[in-house]
Every structure is written in structure tokens, then in C-alpha cells.
$ cat entry-v4.json   # JSON, C-alpha atoms
[["chain", "number", "residue", "atom", "x", "y", "z"],
["A", 1, "TYR", "CA", 286.36, -12.12, 163.81],
["A", 2, "LYS", "CA", 287.96, -15.44, 164.80],
["A", 3, "MET", "CA", 291.14, -14.56, 162.93],
["A", 4, "LEU", "CA", 291.38, -11.24, 164.78],
["A", 5, "ARG", "CA", 290.79, -12.91, 168.14],
["A", 6, "LYS", "CA", 293.52, -15.48, 167.38],
["A", 7, "SER", "CA", 295.81, -12.59, 166.41],
["A", 8, "SER", "CA", 295.60, -11.24, 169.98],
["A", 9, "PHE", "CA", 293.07, -8.51, 169.18],
["A", 10, "SER", "CA", 290.86, -7.63, 172.14],
["A", 11, "TYR", "CA", 287.14, -8.39, 172.06],
["A", 12, "LEU", "CA", 286.40, -4.69, 171.56],
["A", 13, "TRP", "CA", 288.76, -4.13, 168.63],
["A", 14, "ALA", "CA", 287.76, -7.40, 166.96],
["A", 15, "PHE", "CA", 284.11, -6.35, 167.40],
["A", 16, "LEU", "CA", 284.66, -2.87, 165.93],
["A", 17, "PHE", "CA", 286.71, -4.05, 162.95],
["A", 18, "THR", "CA", 284.38, -6.94, 162.09],
["A", 19, "THR", "CA", 281.29, -4.75, 162.46],
["A", 20, "PHE", "CA", 282.86, -2.15, 160.14],
["A", 21, "ILE", "CA", 283.45, -4.79, 157.46],
["A", 22, "MET", "CA", 280.02, -6.40, 157.85],
["A", 23, "LEU", "CA", 278.17, -3.09, 157.63],
["A", 24, "HIS", "CA", 279.94, -2.31, 154.37],
["A", 25, "TYR", "CA", 279.18, -5.82, 153.11],
["A", 26, "GLY", "CA", 275.51, -5.20, 153.94],
["A", 27, "MET", "CA", 275.53, -1.92, 152.01],
["A", 28, "ILE", "CA", 277.14, -3.63, 149.00],
["A", 29, "THR", "CA", 274.36, -6.24, 148.96],
["A", 30, "GLY", "CA", 271.64, -3.58, 149.18],
["A", 31, "LEU", "CA", 270.63, -3.77, 152.88],
["A", 32, "SER", "CA", 267.48, -5.79, 152.28],
["A", 33, "ILE", "CA", 265.19, -6.53, 155.22],
["A", 34, "ALA", "CA", 266.71, -9.99, 155.70],
["A", 35, "THR", "CA", 270.23, -8.53, 155.53],
["A", 36, "VAL", "CA", 269.46, -5.85, 158.14],
["A", 37, "ARG", "CA", 267.99, -8.53, 160.42],
["A", 38, "ALA", "CA", 271.04, -10.77, 160.00],
["A", 39, "LEU", "CA", 273.52, -7.92, 160.46],
["A", 40, "GLY", "CA", 271.75, -6.68, 163.56],
["A", 41, "MET", "CA", 271.71, -10.13, 165.16],
["A", 42, "PHE", "CA", 275.37, -10.68, 164.26],
["A", 43, "ILE", "CA", 276.39, -7.35, 165.80],
["A", 44, "ILE", "CA", 274.44, -8.20, 168.96],
["A", 45, "TYR", "CA", 276.27, -11.54, 169.08],
["A", 46, "LEU", "CA", 279.68, -9.84, 168.82],
["A", 47, "PHE", "CA", 278.73, -7.18, 171.37],
["A", 48, "SER", "CA", 277.72, -9.90, 173.84],
["A", 49, "LYS", "CA", 281.32, -11.13, 173.63],
["A", 50, "VAL", "CA", 282.57, -7.64, 174.46],
["A", 51, "LEU", "CA", 280.29, -7.47, 177.51],
["A", 52, "GLY", "CA", 281.07, -11.06, 178.51],
["A", 53, "ARG", "CA", 277.40, -12.03, 178.37],
["A", 54, "THR", "CA", 275.67, -15.12, 176.97],
["A", 55, "TYR", "CA", 274.09, -14.64, 173.55],
["A", 56, "ASP", "CA", 270.45, -15.68, 173.24],
["A", 57, "LEU", "CA", 269.15, -16.15, 169.69],
["A", 58, "LEU", "CA", 265.45, -15.57, 170.42],
["A", 59, "THR", "CA", 266.15, -12.44, 172.47],
["A", 60, "SER", "CA", 268.33, -11.09, 169.67],
["A", 61, "LEU", "CA", 265.64, -11.90, 167.10],
["A", 62, "ALA", "CA", 262.94, -10.19, 169.18],
["A", 63, "PHE", "CA", 265.14, -7.11, 169.71],
["A", 64, "MET", "CA", 265.77, -6.73, 165.97],
["A", 65, "ALA", "CA", 262.05, -7.16, 165.24],
["A", 66, "ILE", "CA", 261.18, -4.38, 167.70],
["A", 67, "VAL", "CA", 263.88, -2.02, 166.37],
["A", 68, "MET", "CA", 262.94, -2.57, 162.73],
["A", 69, "LEU", "CA", 259.23, -2.14, 163.44],
["A", 70, "LEU", "CA", 259.91, 1.08, 165.34],
["A", 71, "VAL", "CA", 261.79, 2.39, 162.31],
["A", 72, "ASN", "CA", 259.10, 1.24, 159.87],
["A", 73, "PRO", "CA", 255.86, -0.24, 161.29],
["A", 74, "SER", "CA", 254.73, -1.23, 157.79],
["A", 75, "TYR", "CA", 257.29, -4.05, 157.88],
["A", 76, "LEU", "CA", 254.64, -5.96, 159.84],
["A", 77, "ILE", "CA", 252.78, -6.57, 156.57],
["A", 78, "ASN", "CA", 255.93, -7.03, 154.47],
["A", 79, "ALA", "CA", 256.51, -10.52, 153.07],
["A", 80, "GLY", "CA", 260.30, -10.26, 153.28],
["A", 81, "PHE", "CA", 260.20, -9.22, 156.95],
["A", 82, "LEU", "CA", 257.78, -11.97, 157.96],
["A", 83, "LEU", "CA", 259.56, -14.70, 155.99],
["A", 84, "SER", "CA", 263.00, -13.74, 157.33],
["A", 85, "PHE", "CA", 261.96, -13.70, 160.99],
["A", 86, "THR", "CA", 259.72, -16.76, 160.68],
["A", 87, "ALA", "CA", 262.51, -18.79, 159.08],
["A", 88, "ILE", "CA", 264.80, -18.08, 162.05],
["A", 89, "LEU", "CA", 261.99, -19.00, 164.43],
["A", 90, "ALA", "CA", 261.58, -22.28, 162.57],
["A", 91, "ILE", "CA", 265.29, -23.08, 162.90],
["A", 92, "THR", "CA", 265.33, -22.11, 166.57],
["A", 93, "ILE", "CA", 262.04, -23.64, 167.73],
["A", 94, "PHE", "CA", 260.68, -26.22, 165.30],
["A", 95, "TYR", "CA", 263.90, -27.79, 164.01],
["A", 96, "PRO", "CA", 264.96, -29.03, 167.51],
["A", 97, "VAL", "CA", 261.49, -30.57, 167.90],
["A", 98, "LEU", "CA", 261.83, -32.54, 164.66],
["A", 99, "SER", "CA", 265.38, -33.54, 165.62],
["A", 100, "CYS", "CA", 264.02, -35.02, 168.85],
["A", 101, "ILE", "CA", 261.35, -36.99, 167.02],
["A", 102, "PHE", "CA", 263.69, -38.21, 164.25],
["A", 103, "PRO", "CA", 267.13, -38.32, 165.90],
["A", 104, "PHE", "CA", 269.22, -39.58, 162.98],
["A", 105, "PRO", "CA", 272.83, -38.27, 162.92],
["A", 106, "SER", "CA", 273.13, -38.10, 159.11],
["A", 107, "LYS", "CA", 273.97, -34.58, 157.90],
["A", 108, "LEU", "CA", 271.78, -35.06, 154.83],
["A", 109, "TRP", "CA", 268.87, -36.05, 157.04],
["A", 110, "GLN", "CA", 269.44, -33.07, 159.33],
["A", 111, "SER", "CA", 269.47, -30.78, 156.28],
["A", 112, "PHE", "CA", 266.18, -32.33, 155.22],
["A", 113, "LEU", "CA", 264.67, -31.71, 158.69],
["A", 114, "LEU", "CA", 265.95, -28.14, 158.60],
["A", 115, "SER", "CA", 264.33, -27.62, 155.21],
["A", 116, "ILE", "CA", 261.04, -29.10, 156.45],
["A", 117, "SER", "CA", 261.12, -26.85, 159.52],
["A", 118, "VAL", "CA", 261.53, -23.69, 157.46],
["A", 119, "SER", "CA", 258.96, -24.79, 154.88],
["A", 120, "VAL", "CA", 256.34, -25.72, 157.49],
["A", 121, "TYR", "CA", 256.77, -22.46, 159.42],
["A", 122, "THR", "CA", 256.77, -20.17, 156.38],
["A", 123, "LEU", "CA", 254.02, -21.99, 154.48],
["A", 124, "PRO", "CA", 251.08, -19.79, 155.66],
["A", 125, "ILE", "CA", 253.00, -16.58, 154.90],
["A", 126, "ILE", "CA", 253.91, -17.76, 151.39],
["A", 127, "ALA", "CA", 250.27, -18.75, 150.78],
["A", 128, "TYR", "CA", 249.01, -15.41, 152.15],
["A", 129, "PHE", "CA", 251.22, -13.21, 149.95],
["A", 130, "TYR", "CA", 251.61, -15.35, 146.84],
["A", 131, "TYR", "CA", 248.37, -17.41, 146.86],
["A", 132, "GLU", "CA", 250.32, -20.59, 146.08],
["A", 133, "ILE", "CA", 252.69, -23.11, 147.68],
["A", 134, "PRO", "CA", 255.86, -24.44, 145.99],
["A", 135, "VAL", "CA", 255.38, -28.19, 146.40],
["A", 136, "TYR", "CA", 258.97, -29.34, 145.84],
["A", 137, "SER", "CA", 260.76, -26.51, 147.71],
["A", 138, "VAL", "CA", 261.46, -28.79, 150.70],
["A", 139, "PHE", "CA", 263.58, -31.13, 148.57],
["A", 140, "LEU", "CA", 265.20, -28.26, 146.67],
["A", 141, "ASN", "CA", 266.35, -26.61, 149.91],
["A", 142, "VAL", "CA", 268.14, -29.81, 150.96],
["A", 143, "ILE", "CA", 270.61, -29.09, 148.14],
["A", 144, "VAL", "CA", 270.47, -25.29, 148.13],
["A", 145, "LEU", "CA", 271.01, -24.57, 151.85],
["A", 146, "PRO", "CA", 274.20, -26.62, 152.46],
["A", 147, "LEU", "CA", 275.84, -25.17, 149.33],
["A", 148, "MET", "CA", 275.20, -21.56, 150.39],
["A", 149, "SER", "CA", 278.30, -21.53, 152.60],
["A", 150, "VAL", "CA", 280.42, -22.93, 149.74],
["A", 151, "LEU", "CA", 279.05, -20.24, 147.42],
["A", 152, "LEU", "CA", 279.68, -17.40, 149.89],
["A", 153, "TYR", "CA", 283.21, -18.35, 150.95],
["A", 154, "THR", "CA", 284.53, -19.19, 147.49],
["A", 155, "ALA", "CA", 283.04, -16.01, 146.01],
["A", 156, "LEU", "CA", 284.54, -13.82, 148.74],
["A", 157, "LEU", "CA", 287.92, -15.53, 148.41],
["A", 158, "ALA", "CA", 287.86, -15.07, 144.64],
["A", 159, "LEU", "CA", 286.97, -11.39, 145.09],
["A", 160, "LEU", "CA", 289.87, -10.75, 147.46],
["A", 161, "VAL", "CA", 292.41, -12.65, 145.34],
["A", 162, "SER", "CA", 291.24, -10.88, 142.16],
["A", 163, "PHE", "CA", 292.64, -7.59, 143.51],
["A", 164, "LEU", "CA", 296.08, -9.24, 143.52],
["A", 165, "HIS", "CA", 295.78, -11.42, 140.41],
["A", 166, "LEU", "CA", 292.73, -11.35, 138.14],
["A", 167, "GLY", "CA", 293.42, -14.73, 136.53],
["A", 168, "MET", "CA", 293.78, -16.49, 139.87],
["A", 169, "GLY", "CA", 290.61, -14.76, 141.07],
["A", 170, "LYS", "CA", 288.68, -16.14, 138.08],
["A", 171, "LEU", "CA", 290.03, -19.63, 138.76],
["A", 172, "LEU", "CA", 288.98, -19.48, 142.42],
["A", 173, "ALA", "CA", 285.52, -18.22, 141.36],
["A", 174, "LEU", "CA", 284.90, -21.43, 139.41],
["A", 175, "PRO", "CA", 283.30, -23.32, 142.38],
["A", 176, "ALA", "CA", 280.93, -20.38, 143.02],
["A", 177, "HIS", "CA", 280.06, -20.31, 139.33],
["A", 178, "MET", "CA", 279.31, -24.05, 139.37],
["A", 179, "VAL", "CA", 277.07, -23.69, 142.44],
["A", 180, "LEU", "CA", 275.11, -20.86, 140.81],
["A", 181, "LEU", "CA", 274.80, -22.89, 137.61],
["A", 182, "LEU", "CA", 273.52, -25.85, 139.64],
["A", 183, "TYR", "CA", 270.94, -23.60, 141.32],
["A", 184, "GLU", "CA", 269.75, -22.38, 137.92],
["A", 185, "LYS", "CA", 269.45, -25.89, 136.46],
["A", 186, "LEU", "CA", 267.67, -27.20, 139.56],
["A", 187, "CYS", "CA", 265.11, -24.41, 139.45],
["A", 188, "GLN", "CA", 264.51, -25.02, 135.75],
["A", 189, "PHE", "CA", 264.07, -28.74, 136.45],
["A", 190, "ILE", "CA", 261.62, -28.10, 139.32],
["A", 191, "GLU", "CA", 259.59, -25.74, 137.11],
["A", 192, "LYS", "CA", 259.09, -28.55, 134.58],
["A", 193, "LEU", "CA", 257.85, -31.09, 137.14],
["A", 194, "PRO", "CA", 254.08, -31.71, 137.20],
["A", 195, "HIS", "CA", 252.10, -30.02, 139.96],
["A", 196, "ASN", "CA", 255.10, -27.98, 141.08],
["A", 197, "ARG", "CA", 252.77, -25.29, 142.44],
["A", 198, "TRP", "CA", 249.68, -25.71, 144.54],
["A", 199, "ILE", "CA", 247.26, -22.80, 144.09],
["A", 200, "VAL", "CA", 245.57, -22.39, 147.47],
["A", 201, "GLY", "CA", 244.39, -18.78, 147.45],
["A", 202, "GLN", "CA", 244.87, -16.39, 150.35],
["A", 203, "PRO", "CA", 244.21, -18.03, 153.75],
["A", 204, "SER", "CA", 242.28, -16.03, 156.33],
["A", 205, "PHE", "CA", 243.91, -14.56, 159.42],
["A", 206, "ILE", "CA", 241.96, -17.01, 161.61],
["A", 207, "THR", "CA", 243.27, -19.98, 159.58],
["A", 208, "ILE", "CA", 246.86, -18.76, 159.91],
["A", 209, "THR", "CA", 246.43, -18.18, 163.65],
["A", 210, "MET", "CA", 245.04, -21.68, 164.15],
["A", 211, "TYR", "CA", 247.86, -23.15, 162.07],
["A", 212, "TYR", "CA", 250.56, -21.59, 164.27],
["A", 213, "PHE", "CA", 248.55, -22.39, 167.41],
["A", 214, "ILE", "CA", 248.57, -26.10, 166.46],
["A", 215, "LEU", "CA", 252.28, -26.01, 165.62],
["A", 216, "THR", "CA", 253.06, -24.36, 168.96],
["A", 217, "GLY", "CA", 250.95, -26.91, 170.83],
["A", 218, "PHE", "CA", 252.71, -29.74, 169.00],
["A", 219, "GLY", "CA", 256.12, -28.32, 169.91],
["A", 220, "ILE", "CA", 255.20, -27.89, 173.58],
["A", 221, "ALA", "CA", 253.82, -31.44, 173.75],
["A", 222, "VAL", "CA", 257.04, -32.90, 172.29],
["A", 223, "TYR", "CA", 259.14, -30.79, 174.67],
["A", 224, "TYR", "CA", 257.33, -32.03, 177.77],
["A", 225, "MET", "CA", 257.32, -35.63, 176.53],
["A", 226, "GLN", "CA", 261.07, -35.44, 176.03],
["A", 227, "LYS", "CA", 261.53, -33.82, 179.44],
["A", 228, "ARG", "CA", 259.42, -36.53, 181.06],
["A", 229, "GLY", "CA", 261.38, -39.24, 179.26],
["A", 230, "SER", "CA", 264.67, -37.75, 180.45],
["A", 231, "LYS", "CA", 263.43, -37.70, 184.05],
["A", 232, "GLU", "CA", 262.30, -41.34, 183.82],
["A", 233, "LYS", "CA", 265.69, -42.40, 182.44],
["A", 234, "GLU", "CA", 267.45, -40.46, 185.20],
["A", 235, "ALA", "CA", 265.22, -42.12, 187.85],
["A", 236, "LYS", "CA", 265.94, -45.61, 186.44],
["A", 237, "SER", "CA", 269.68, -44.95, 186.38],
["A", 238, "ARG", "CA", 269.54, -44.12, 190.09]]

$ encode --input "entry-v4.json" --output "C-alpha cells"
Amino acid sequence: YKMLRKSSFSYLWAFLFTTFIMLHYGMITGLSIATVRALGMFIIYLFSKVLGRTYDLLTSLAFMAIVMLLVNPSYLINAGFLLSFTAILAITIFYPVLSCIFPFPSKLWQSFLLSISVSVYTLPIIAYFYYEIPVYSVFLNVIVLPLMSVLLYTALLALLVSFLHLGMGKLLALPAHMVLLLYEKLCQFIEKLPHNRWIVGQPSFITITMYYFILTGFGIAVYYMQKRGSKEKEAKSR
């Protein structure tokens, strides 16, 4: 999309061409629930550029949830649906809260906070559907998440180049292969660690509701404390 915009394509034509490619990419990958959610939000983002409007992540997320539930209401009790949407909520809502509490600029630290945010928000859903909690997943995601972009871009580049020269395509696919191999070895290592799974059983609906109620209250409290601190600093500066 950025390449097309830099090549003097209009917002509309860049939107149409990019959407065409992304829809086909989604079909190639199987159009899972998470993929449909991501594609829908991405298309909304591009369309906002066409209309000249500001893109709002939470509004886009809510719109896709409504559309997907209208198509198939049973998604509301689907683990993939709930985990996908909850993970985005964690990144949008809870991650900024943790960043305010622990404002360290290190990228590794920020990746760790991002991993904690997703793990904390999705924990009740994982426990509800799978009756257990992966204890070391927070630390595993610190390595897995940052390398996802490397895996995606190198694999796509290798795929495109392979149509022109198969040998060069294989060479360019080496980084993606190494990332996948690292993922496999890490998972095997985690599986061998003691107490890598915590069997908790299925939590009740009331327990899950209270859990998210406490998290929401915590987030609101931090938000207002930060807002109050900003006002006090502004008053002192005057």
C-alpha cells in the first residue's frame, strides 16, 4: 500500500489493489477467524484513508465483532474468536497501562510488557476452553512475537523471488526456515521444563466476569492517576 501511494497511485486505487491482494492472501491461508478479523480491520483502515477519516482501532474491532457475530452467532463461544479479539483488546487497552507503570524505553522490555498484556487478558479464556494455563508462555512470546515480522517478510520475499529464480528463492527463505526451526526448538524446550502447565480446571462465568472487572478497574485507576499527575505537572510548570 505504501509503495503504491509513493508511486502516485490515488488512495482509492491503492486501496482497491491492496485489498485485492490481501483478500487472496487470506484465502491462501485458509481464512481462519483471526485472519478474517485482521483482514476486516485492515480493510477498514485503508478505507478510512480513502474517506479522509481518522482510523480508530477499538471502533474497527467492535465493528468486525458485530459483523462476524451477525454472520455466525456461535462465534461467541468459539475459542479462536474470543482469543483473537481479546488479544487485540489487551494490546489496545492493557499494554498502554503497563507502559505507564513501567516506562522503560528498551524494546525488549516493551516486548515483555506486550507479552504480559496478552497473556493476562487471554488467561481466563485459555483456562475456560483448555482447563490449563501455559506457565512459561509469557517468556516464550517475548521471542516469538518480534520474530513474526521477520518470518512473514522473508517468506513472502522468498516466494516472490522463487517465481523468477528457484535457487535464489531458496536462499532467501533461509532466514524464515531458521525462525521456524527456532520456534520448534523453543517449544520443545518449554515442554521439557518442570511445571510448564498449570491445570486449573474450567473457571465459572462469575469468576471470569470478576477477573475482567478487576482488570478494568485497575486500568481506569491508572488512567486517572496518570491524568491527575499530568495536570499537577502542568500546574507546577505554570

$ residues_around --input "entry-v4.json" --residues "Ala176 (chain A)" --least-positions-apart "3" --cutoff "6 Å" --atoms "only C-alpha atoms" --output "MDAnalysis selection string"
chainID A and resid 151 154:155 173 179

$ closest_residue --input "entry-v4.json" --among "A:Leu57, A:Leu98, A:Ala87, A:Met41" --to "Gly219 (chain A)" --atoms "only C-alpha atoms"
A:Leu98

$ closest_residue --input "entry-v4.json" --among "A:Ile126, A:Ala158, A:Leu145, A:Met210" --to "Leu113 (chain A)" --atoms "only C-alpha atoms"
A:Leu145

$ closest_residue --input "entry-v4.json" --among "A:Leu123, A:Ile220, A:Leu23, A:Val200" --to "Ile93 (chain A)" --atoms "all atoms listed in the file"
A:Ile220

$ residues_around --input "entry-v4.json" --residues "Gly201 (chain A)" --least-positions-apart "2" --cutoff "7 Å" --atoms "all atoms listed in the file" --output "list in words"
Ala127, Tyr131, Glu132, Ile199 and Pro203 of chain A

$ closest_residue --input "entry-v4.json" --among "A:Phe42, A:Trp198, A:Tyr223, A:Trp109" --to "Phe94 (chain A)" --atoms "all atoms listed in the file"
A:Tyr223

$ closest_residue --input "entry-v4.json" --among "A:Ile88, A:Pro134, A:Ser32, A:Ser119" --to "Pro194 (chain A)" --atoms "all atoms listed in the file"
A:Pro134

$ atom_distance --input "entry-v4.json" --atom1 "CA of Asn141 (chain A)" --atom2 "CA of Leu114 (chain A)"
8.8 Å

$ atom_distance --input "entry-v4.json" --atom1 "CA of Leu140 (chain A)" --atom2 "CA of Met64 (chain A)"
28.9 Å

$ residues_around --input "entry-v4.json" --residues "Val118 (chain A)" --least-positions-apart "3" --cutoff "7 Å" --atoms "only C-alpha atoms" --output "PDB file with C-alpha atoms, in the coordinates of the input"
ATOM      1  CA  ALA A  87     262.510 -18.790 159.080  1.00  0.00           C
ATOM      2  CA  ALA A  90     261.580 -22.280 162.570  1.00  0.00           C
ATOM      3  CA  ILE A  91     265.290 -23.080 162.900  1.00  0.00           C
ATOM      4  CA  LEU A 114     265.950 -28.140 158.600  1.00  0.00           C
ATOM      5  CA  SER A 115     264.330 -27.620 155.210  1.00  0.00           C
ATOM      6  CA  TYR A 121     256.770 -22.460 159.420  1.00  0.00           C
ATOM      7  CA  THR A 122     256.770 -20.170 156.380  1.00  0.00           C
TER       8      THR A 122
END

$ atom_distance --input "entry-v4.json" --atom1 "CA of Tyr11 (chain A)" --atom2 "CA of Val50 (chain A)"
5.2 Å

$ closest_residue --input "entry-v4.json" --among "A:Met225, A:Ile21, A:Ile125, A:Leu171" --to "Tyr212 (chain A)" --atoms "all atoms listed in the file"
A:Ile125
